[in-house]
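Structure record follows, encoded as structure tokens.
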Amino acid sequence: MEIEEMLREFVDPEEDYIVYTNGTFNASAIVCKITKIGKGCIKIKDNTENVSVINLKNVIRIREYPKNKNGKKKAIFD
């Protein structure tokens, strides 16, 4: 199974995700919605409605934004 197939099963376009990327000079965590999954890349929309495309070779981890028992977003300490 390819990574794109696994992402299609995992991702819900209405949910927020944290995408961890590995850059040349720094690593970053992006809070966003994953809007489209392509061959080797994902299209994301962040909270300020900016749209970006990320190469999956640079993605380290993708996880759902954690929520508490009331459904509100938790603080993240990574």
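Ordering of the structure tokens sets the chain letters (A, B, ...), residue numbers begin anew at 1 in every chain, and ligands are numbered from 1 in the order given.
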
Could you pull out the helix (DSSP H, G or I) residues of segment 6-78 of chain A from DSSP and send them as an mmCIF file with N, CA and C atoms, in the first residue's frame?
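Listed below is the output, states.cif:
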data_model
loop_
_atom_site.group_PDB
_atom_site.id
_atom_site.type_symbol
_atom_site.label_atom_id
_atom_site.label_comp_id
_atom_site.auth_asym_id
_atom_site.auth_seq_id
_atom_site.Cartn_x
_atom_site.Cartn_y
_atom_site.Cartn_z
ATOM 1 N N MET A 6 -2.870 5.309 2.039
ATOM 2 C CA MET A 6 -3.041 5.329 3.490
ATOM 3 C C MET A 6 -3.552 6.687 3.959
ATOM 4 N N LEU A 7 -3.049 7.762 3.377
ATOM 5 C CA LEU A 7 -3.515 9.098 3.743
ATOM 6 C C LEU A 7 -4.979 9.304 3.384
ATOM 7 N N ARG A 8 -5.417 8.786 2.238
ATOM 8 C CA ARG A 8 -6.823 8.940 1.836
ATOM 9 C C ARG A 8 -7.751 8.260 2.832
ATOM 10 N N GLU A 9 -7.319 7.133 3.408
ATOM 11 C CA GLU A 9 -8.129 6.447 4.424
ATOM 12 C C GLU A 9 -8.122 7.203 5.745
ATOM 13 N N PHE A 10 -7.027 7.879 6.049
ATOM 14 C CA PHE A 10 -6.838 8.536 7.341
ATOM 15 C C PHE A 10 -7.439 9.931 7.403
ATOM 16 N N LEU A 56 5.649 15.112 -0.004
ATOM 17 C CA LEU A 56 5.572 14.096 1.045
ATOM 18 C C LEU A 56 6.944 13.600 1.480
ATOM 19 N N LYS A 57 7.971 13.843 0.687
ATOM 20 C CA LYS A 57 9.326 13.469 1.101
ATOM 21 C C LYS A 57 9.791 14.314 2.282
ATOM 22 N N ASN A 58 9.197 15.489 2.457
ATOM 23 C CA ASN A 58 9.570 16.380 3.553
ATOM 24 C C ASN A 58 8.687 16.216 4.786
#

### Message
Could you list, as a list of chain:residue names, every residue within 10 Å of segment 71-74 of chain A, counting only C-alpha atoms and ignoring same-chain residues fewer than 5 positions away?
### Response
A:Asp16, A:Tyr65, A:Pro66

Store the residues of this selection in a file with C-alpha atoms, as a PDB file, in the first residue's frame.
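Okay, this is what ended up in out_4.pdb:
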ATOM      1  CA  ASP A  16      -7.618  19.899  11.564  1.00  0.00           C
ATOM      2  CA  TYR A  65      -5.285  17.879  16.255  1.00  0.00           C
ATOM      3  CA  PRO A  66      -5.922  16.613  19.812  1.00  0.00           C
TER       4      PRO A  66
END

### Query
Which parts of chain A does DSSP call strand (DSSP E or B) when run on the backbone here, written out as a PyMOL selection string?
chain A and resi 17-22+27-37+41-46+51-55+59-64+67+73

### Query
Nearest to Glu2 of chain A among A:Gly40, A:Thr35, A:Glu15, A:Thr24, with distances taken over only C-alpha atoms: which residue is it?
A:Gly40

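Nearest to Ile60 of chain A of all the residues A:Val19, A:Lys43, A:Phe25, A:Ile30 is A:Val19, counting only C-alpha atoms.
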
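Considering only C-alpha atoms, the residue among A:Ile3, A:Tyr17, A:Val11, A:Ile37 positioned nearest to Lys67 of chain A is A:Tyr17.
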
### Task
Measuring atom to atom with only C-alpha atoms, identify which of A:Ile76, A:Tyr20, A:Ala27, A:Ile34 is nearest to Arg61 of chain A.
A:Tyr20

### Query
Taking into account only C-alpha atoms, which residue in the set A:Lys33, A:Glu4, A:Thr48, A:Val59 is nearest to Thr21 of chain A?
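The answer is A:Val59, which sits nearest to Thr21 of chain A.
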
### Query
With only C-alpha atoms as the basis for distance, which of A:Ser52, A:Ala75, A:Gly23, A:Glu5 is at the shortest distance from Lys39 of chain A?
A:Glu5

### Task
Extract, using only C-alpha atoms, all DNA, RNA and protein residues at most 6 Å from Lys45 of chain A, discarding same-chain residues fewer than 5 positions from it, and format them as a PyMOL selection string.
chain A and resi 32-33+50-51

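Note that the spacing between atom CA of Asn26 of chain A and atom CA of Gly38 of chain A amounts to 24.6 Å.
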